Amino acid sequence: MSLTAPEPTALEIVRTRSLSSLVAQEIERMILSGALPAGERLNEQQLAAQLRVSRGPVREAVRGLERSGLVVAVRNQGSYVRTVSAQEALEIYDLRAAITGLACARLAEGAAPAQMATLRALVKRMDTARRADDPPSYYAANLEFHAALLSFGGGPRSQRLYEDLGNELHLFRRRALVQPENMRESNAEHATILKAIAAGDAAAARAAGEAHIAGGKRRFQATDATTKPGTGRKGENDDDQHDPSPPPAAGRRGGRPRRAG
């Protein structure tokens with residue numbers, strides 16, 4: 001009698017792939033929320049038990065997260081939540097500036113009234129959150145604003161690149177306190193972007209979009225301890241939201257993994 005396992009049926013493959021997508025979404029949520037911090041080893045067995053699935057979908061999900069840049073595989077050691085250095089973060093700002101500027105310029109060439117209304121409403125929400133000293137609400141509306149800019153003015157490839165770059169920045173730890181001045185400055189830059197788009201000035205819109213991300217980079221450099229000594233607290237709005245996590249110690253990756261949750 002043959003001991004070879006039977007080939008999976010088409011239905012089983014579809015079910016596995018669908019489950020892998022759901023598992024990937026949950027692991028991504030855990031990474032972005034900080035439940036799985038930068039440098040954490042992804043223990044497939046523990047994740048499978050925690051999510052109440054078999055190891056197959058978890059393995060496929062982790063491979064997908066490696067392709068998106070959230071996870072990195074280390075030969076003979078396993079997969080880890082990616083750690084982004086301060087220098088990598090600065091490069092990400094530059095890339096995001098180019099993509100944001102392009103989206104703003106395209107949007108200025110033909111923004112629909114409904115699109116402008118959506119963007120203005122989000123800027124208003126952020127201003128309300130700033131006045132109420134409500135960083136979480138500001139942060140949520142800010143993410144929506146940038147997603148809308150890319151949705152309205154960017155193509156599928158630009159949106160995908162921007163999302164992947166944003167995911168890498170999400171690997172930084174969030175500061176508990178937010179500087180109100182950072183929120184005020186950031187939202188003033190949002191308003192400048194909208195003014196240029198509404199005027200139909202593609203060059204000004206591109207410049208405003210790039211300047212906004214450059215402003216985030218500048219604020220990051222001014223408050224990050226790894227790029228400038230004697231720093232203070234760092235803002236959590238827009239592109240000032242995180243400070244870099246140090247990479248895991250050399251001995252930790254080969255040692256006993258911590259709990260996945």
# chains A, B, ... in the order shown; residues from 1 in each chain; ligands from 1
call {"tool": "residues_around", "arguments": {"residues": "segment 48-55 of chain A", "least_positions_apart": "2", "cutoff": "10 Å", "atoms": "only C-alpha atoms", "output": "list in words"}}
result
Thr16, Leu19, Ser20, Val23, Glu26, Ile27, Asn43, Glu44, Gln45, Gln46, Pro57, Val58, Arg59, Glu60, Ala61, Ala260 and Gly261 of chain A
call {"tool": "write_last_selection", "arguments": {"atoms": "all heavy atoms", "output": "tab-separated table (two decimals), in the first residue's frame"}}
result
chain	number	residue	atom	x	y	z
A	16	THR	N	-7.70	26.55	1.35
A	16	THR	CA	-6.44	26.85	2.03
A	16	THR	C	-5.98	28.26	1.71
A	16	THR	O	-5.54	29.00	2.59
A	16	THR	CB	-5.36	25.83	1.63
A	16	THR	OG1	-5.79	24.53	2.01
A	16	THR	CG2	-4.04	26.15	2.31
A	19	LEU	N	-8.13	30.80	3.50
A	19	LEU	CA	-7.80	30.82	4.92
A	19	LEU	C	-6.45	31.49	5.14
A	19	LEU	O	-6.28	32.25	6.10
A	19	LEU	CB	-7.78	29.39	5.47
A	19	LEU	CG	-7.52	29.25	6.99
A	19	LEU	CD1	-8.54	30.04	7.78
A	19	LEU	CD2	-7.56	27.78	7.38
A	20	SER	N	-5.50	31.25	4.24
A	20	SER	CA	-4.19	31.88	4.36
A	20	SER	C	-4.32	33.40	4.28
A	20	SER	O	-3.62	34.12	5.00
A	20	SER	CB	-3.26	31.39	3.25
A	20	SER	OG	-3.00	30.01	3.38
A	23	VAL	N	-5.59	34.57	7.61
A	23	VAL	CA	-4.54	34.46	8.61
A	23	VAL	C	-3.51	35.57	8.41
A	23	VAL	O	-3.04	36.18	9.38
A	23	VAL	CB	-3.86	33.07	8.52
A	23	VAL	CG1	-2.61	33.03	9.41
A	23	VAL	CG2	-4.84	31.98	8.95
A	26	GLU	N	-4.73	38.79	9.85
A	26	GLU	CA	-4.68	38.83	11.30
A	26	GLU	C	-3.25	39.01	11.81
A	26	GLU	O	-3.00	39.79	12.74
A	26	GLU	CB	-5.28	37.55	11.88
A	26	GLU	CG	-5.24	37.47	13.41
A	26	GLU	CD	-5.97	38.61	14.10
A	26	GLU	OE1	-6.80	39.29	13.46
A	26	GLU	OE2	-5.69	38.84	15.30
A	27	ILE	N	-2.30	38.32	11.18
A	27	ILE	CA	-0.90	38.48	11.60
A	27	ILE	C	-0.43	39.89	11.30
A	27	ILE	O	0.28	40.51	12.10
A	27	ILE	CB	-0.01	37.44	10.89
A	27	ILE	CG1	-0.38	36.02	11.33
A	27	ILE	CG2	1.47	37.71	11.21
A	27	ILE	CD1	0.39	34.92	10.63
A	43	ASN	N	6.63	32.24	15.47
A	43	ASN	CA	6.56	30.81	15.75
A	43	ASN	C	5.27	30.27	15.14
A	43	ASN	O	4.17	30.55	15.62
A	43	ASN	CB	6.59	30.57	17.27
A	43	ASN	CG	6.66	29.11	17.62
A	43	ASN	OD1	5.74	28.35	17.34
A	43	ASN	ND2	7.75	28.71	18.26
A	44	GLU	N	5.41	29.52	14.06
A	44	GLU	CA	4.25	29.05	13.31
A	44	GLU	C	3.32	28.19	14.16
A	44	GLU	O	2.10	28.30	14.07
A	44	GLU	CB	4.69	28.28	12.07
A	44	GLU	CG	5.38	29.14	11.02
A	44	GLU	CD	5.79	28.34	9.80
A	44	GLU	OE1	5.52	27.12	9.77
A	44	GLU	OE2	6.39	28.94	8.88
A	45	GLN	N	3.90	27.34	14.99
A	45	GLN	CA	3.08	26.46	15.81
A	45	GLN	C	2.26	27.25	16.82
A	45	GLN	O	1.06	27.00	17.00
A	45	GLN	CB	3.97	25.44	16.54
A	45	GLN	CG	3.18	24.42	17.36
A	45	GLN	CD	4.09	23.34	17.95
A	45	GLN	OE1	5.29	23.32	17.67
A	45	GLN	NE2	3.52	22.46	18.74
A	46	GLN	N	2.88	28.22	17.45
A	46	GLN	CA	2.16	29.05	18.42
A	46	GLN	C	1.09	29.89	17.75
A	46	GLN	O	-0.01	30.05	18.27
A	46	GLN	CB	3.15	29.93	19.18
A	46	GLN	CG	4.04	29.17	20.14
A	46	GLN	CD	4.99	30.10	20.90
A	46	GLN	OE1	5.07	31.28	20.60
A	46	GLN	NE2	5.68	29.56	21.89
A	57	PRO	N	-1.80	27.15	6.57
A	57	PRO	CA	-2.20	28.53	6.26
A	57	PRO	C	-1.29	29.57	6.90
A	57	PRO	O	-1.04	30.62	6.33
A	57	PRO	CB	-3.61	28.60	6.84
A	57	PRO	CG	-4.11	27.21	6.82
A	57	PRO	CD	-2.90	26.37	7.13
A	58	VAL	N	-0.77	29.26	8.10
A	58	VAL	CA	0.14	30.19	8.76
A	58	VAL	C	1.43	30.31	7.96
A	58	VAL	O	1.95	31.42	7.74
A	58	VAL	CB	0.45	29.74	10.20
A	58	VAL	CG1	1.55	30.61	10.81
A	58	VAL	CG2	-0.80	29.79	11.05
A	59	ARG	N	1.94	29.18	7.49
A	59	ARG	CA	3.18	29.19	6.70
A	59	ARG	C	2.99	30.01	5.43
A	59	ARG	O	3.84	30.82	5.06
A	59	ARG	CB	3.59	27.76	6.36
A	59	ARG	CG	4.94	27.65	5.67
A	59	ARG	CD	5.35	26.21	5.46
A	59	ARG	NE	5.46	25.50	6.72
A	59	ARG	CZ	4.62	24.54	7.10
A	59	ARG	NH1	3.61	24.19	6.31
A	59	ARG	NH2	4.77	23.94	8.26
A	60	GLU	N	1.87	29.81	4.73
A	60	GLU	CA	1.60	30.57	3.51
A	60	GLU	C	1.44	32.05	3.81
A	60	GLU	O	1.88	32.92	3.04
A	60	GLU	CB	0.35	30.02	2.82
A	60	GLU	CG	0.53	28.65	2.19
A	60	GLU	CD	1.62	28.65	1.14
A	60	GLU	OE1	1.66	29.59	0.32
A	60	GLU	OE2	2.44	27.72	1.15
A	61	ALA	N	0.78	32.35	4.92
A	61	ALA	CA	0.57	33.75	5.30
A	61	ALA	C	1.90	34.45	5.57
A	61	ALA	O	2.13	35.58	5.14
A	61	ALA	CB	-0.32	33.83	6.54
A	260	ALA	N	4.16	34.32	20.73
A	260	ALA	CA	3.78	35.07	19.55
A	260	ALA	C	2.79	36.16	19.86
A	260	ALA	O	2.71	37.13	19.14
A	260	ALA	CB	3.19	34.13	18.48
A	261	GLY	N	1.98	36.03	20.84
A	261	GLY	CA	0.96	37.04	21.11
A	261	GLY	C	1.40	38.03	22.12
A	261	GLY	O	0.63	38.86	22.53
call {"tool": "residues_around", "arguments": {"residues": "segment 96-99 of chain A", "least_positions_apart": "4", "cutoff": "8 Å", "atoms": "only C-alpha atoms", "output": "NGL selection string"}}
result
:A and (92 or 103 or 158 or 162 or 165 or 209-214)
call {"tool": "write_last_selection", "arguments": {"atoms": "N, CA, C and O atoms", "output": "PDB file, in the first residue's frame"}}
result
ATOM      1  N   ILE A  92      12.719  55.722   3.147  1.00  0.00           N
ATOM      2  CA  ILE A  92      11.293  55.502   2.910  1.00  0.00           C
ATOM      3  C   ILE A  92      10.566  56.835   2.792  1.00  0.00           C
ATOM      4  O   ILE A  92       9.672  57.009   1.957  1.00  0.00           O
ATOM      5  N   ALA A 103       0.842  61.702  -6.968  1.00  0.00           N
ATOM      6  CA  ALA A 103      -0.609  61.549  -6.781  1.00  0.00           C
ATOM      7  C   ALA A 103      -1.289  62.910  -6.660  1.00  0.00           C
ATOM      8  O   ALA A 103      -2.370  63.127  -7.229  1.00  0.00           O
ATOM      9  N   SER A 158       1.221  52.631  -7.906  1.00  0.00           N
ATOM     10  CA  SER A 158       1.599  53.637  -6.914  1.00  0.00           C
ATOM     11  C   SER A 158       0.966  53.335  -5.571  1.00  0.00           C
ATOM     12  O   SER A 158       1.612  53.456  -4.525  1.00  0.00           O
ATOM     13  N   TYR A 162       3.070  52.550  -2.196  1.00  0.00           N
ATOM     14  CA  TYR A 162       2.891  53.436  -1.049  1.00  0.00           C
ATOM     15  C   TYR A 162       2.435  52.646   0.172  1.00  0.00           C
ATOM     16  O   TYR A 162       2.897  52.890   1.291  1.00  0.00           O
ATOM     17  N   LEU A 165       5.393  50.719   1.596  1.00  0.00           N
ATOM     18  CA  LEU A 165       6.303  51.615   2.305  1.00  0.00           C
ATOM     19  C   LEU A 165       5.704  52.029   3.649  1.00  0.00           C
ATOM     20  O   LEU A 165       6.405  52.125   4.652  1.00  0.00           O
ATOM     21  N   GLY A 209       2.718  68.225  -1.859  1.00  0.00           N
ATOM     22  CA  GLY A 209       2.742  66.836  -1.408  1.00  0.00           C
ATOM     23  C   GLY A 209       4.128  66.394  -0.986  1.00  0.00           C
ATOM     24  O   GLY A 209       4.311  65.751   0.054  1.00  0.00           O
ATOM     25  N   GLU A 210       5.136  66.754  -1.804  1.00  0.00           N
ATOM     26  CA  GLU A 210       6.500  66.393  -1.470  1.00  0.00           C
ATOM     27  C   GLU A 210       6.974  67.117  -0.204  1.00  0.00           C
ATOM     28  O   GLU A 210       7.664  66.535   0.638  1.00  0.00           O
ATOM     29  N   ALA A 211       6.584  68.387  -0.081  1.00  0.00           N
ATOM     30  CA  ALA A 211       6.996  69.167   1.092  1.00  0.00           C
ATOM     31  C   ALA A 211       6.384  68.608   2.368  1.00  0.00           C
ATOM     32  O   ALA A 211       7.009  68.644   3.437  1.00  0.00           O
ATOM     33  N   HIS A 212       5.172  68.081   2.259  1.00  0.00           N
ATOM     34  CA  HIS A 212       4.516  67.513   3.437  1.00  0.00           C
ATOM     35  C   HIS A 212       5.285  66.302   3.962  1.00  0.00           C
ATOM     36  O   HIS A 212       5.558  66.193   5.170  1.00  0.00           O
ATOM     37  N   ILE A 213       5.654  65.391   3.072  1.00  0.00           N
ATOM     38  CA  ILE A 213       6.411  64.215   3.506  1.00  0.00           C
ATOM     39  C   ILE A 213       7.808  64.630   3.965  1.00  0.00           C
ATOM     40  O   ILE A 213       8.344  64.078   4.942  1.00  0.00           O
ATOM     41  N   ALA A 214       8.402  65.625   3.282  1.00  0.00           N
ATOM     42  CA  ALA A 214       9.708  66.131   3.717  1.00  0.00           C
ATOM     43  C   ALA A 214       9.618  66.740   5.112  1.00  0.00           C
ATOM     44  O   ALA A 214      10.545  66.635   5.918  1.00  0.00           O
TER      45      ALA A 214
END
call {"tool": "atom_distance", "arguments": {"atom1": "atom CA of Ala73 of chain A", "atom2": "atom CA of Ala89 of chain A"}}
result
19.9 Å
call {"tool": "select_by_dssp", "arguments": {"residues": "segment 36-225 of chain A", "states": "alpha helix (DSSP H)", "output": "ChimeraX atom specification"}}
result
/A:44-51,55-68,86-108,113-131,135-153,156-169,180-198,202-223
call {"tool": "closest_residue", "arguments": {"among": "A:Val62, A:Ala141, A:Ala203, A:Leu70", "to": "Ala129 of chain A", "atoms": "only C-alpha atoms"}}
result
A:Ala141
call {"tool": "atom_distance", "arguments": {"atom1": "atom CA of Ala121 of chain A", "atom2": "atom CA of Asp134 of chain A"}}
result
16.8 Å
call {"tool": "residues_around", "arguments": {"residues": "Leu36 of chain A", "least_positions_apart": "4", "cutoff": "9 Å", "atoms": "only C-alpha atoms", "output": "MDAnalysis selection string"}}
result
chainID A and resid 27:32 40:42 81 260:261
call {"tool": "atom_distance", "arguments": {"atom1": "atom CA of Gln221 of chain A", "atom2": "atom CA of Leu169 of chain A"}}
result
14.1 Å
call {"tool": "closest_atom_pairs", "arguments": {"of": "segment 47-132 of chain A", "to": "segment 189-197 of chain A", "cutoff": "8 Å", "atoms": "only C-alpha atoms", "output": "tab-separated table"}}
result
residue	atom	partner	partner_atom	distance
A:Cys104	CA	A:Ile197	CA	6.9
A:Ala105	CA	A:Ile197	CA	7.5
A:Leu107	CA	A:Ile197	CA	6.5
A:Ala108	CA	A:Ile197	CA	4.2
A:Glu109	CA	A:Ile197	CA	7.8
A:Ala111	CA	A:Ile197	CA	7.3
A:Met116	CA	A:Leu194	CA	7.8
A:Leu119	CA	A:Leu194	CA	7.6
A:Arg120	CA	A:Leu194	CA	7.5
A:Val123	CA	A:His190	CA	6.9
call {"tool": "residues_around", "arguments": {"residues": "Leu122 of chain A", "least_positions_apart": "3", "cutoff": "9 Å", "atoms": "only C-alpha atoms", "output": "PyMOL selection string"}}
result
chain A and resi 117-119+125-127+141-142+144-145
call {"tool": "select_by_dssp", "arguments": {"residues": "segment 6-74 of chain A", "states": "strand (DSSP E)", "output": "list in words"}}
result
Val71, Val72, Ala73 and Val74 of chain A
call {"tool": "closest_residue", "arguments": {"among": "A:Ala148, A:Ala24, A:Val71, A:Leu65", "to": "Leu47 of chain A", "atoms": "only C-alpha atoms"}}
result
A:Ala24
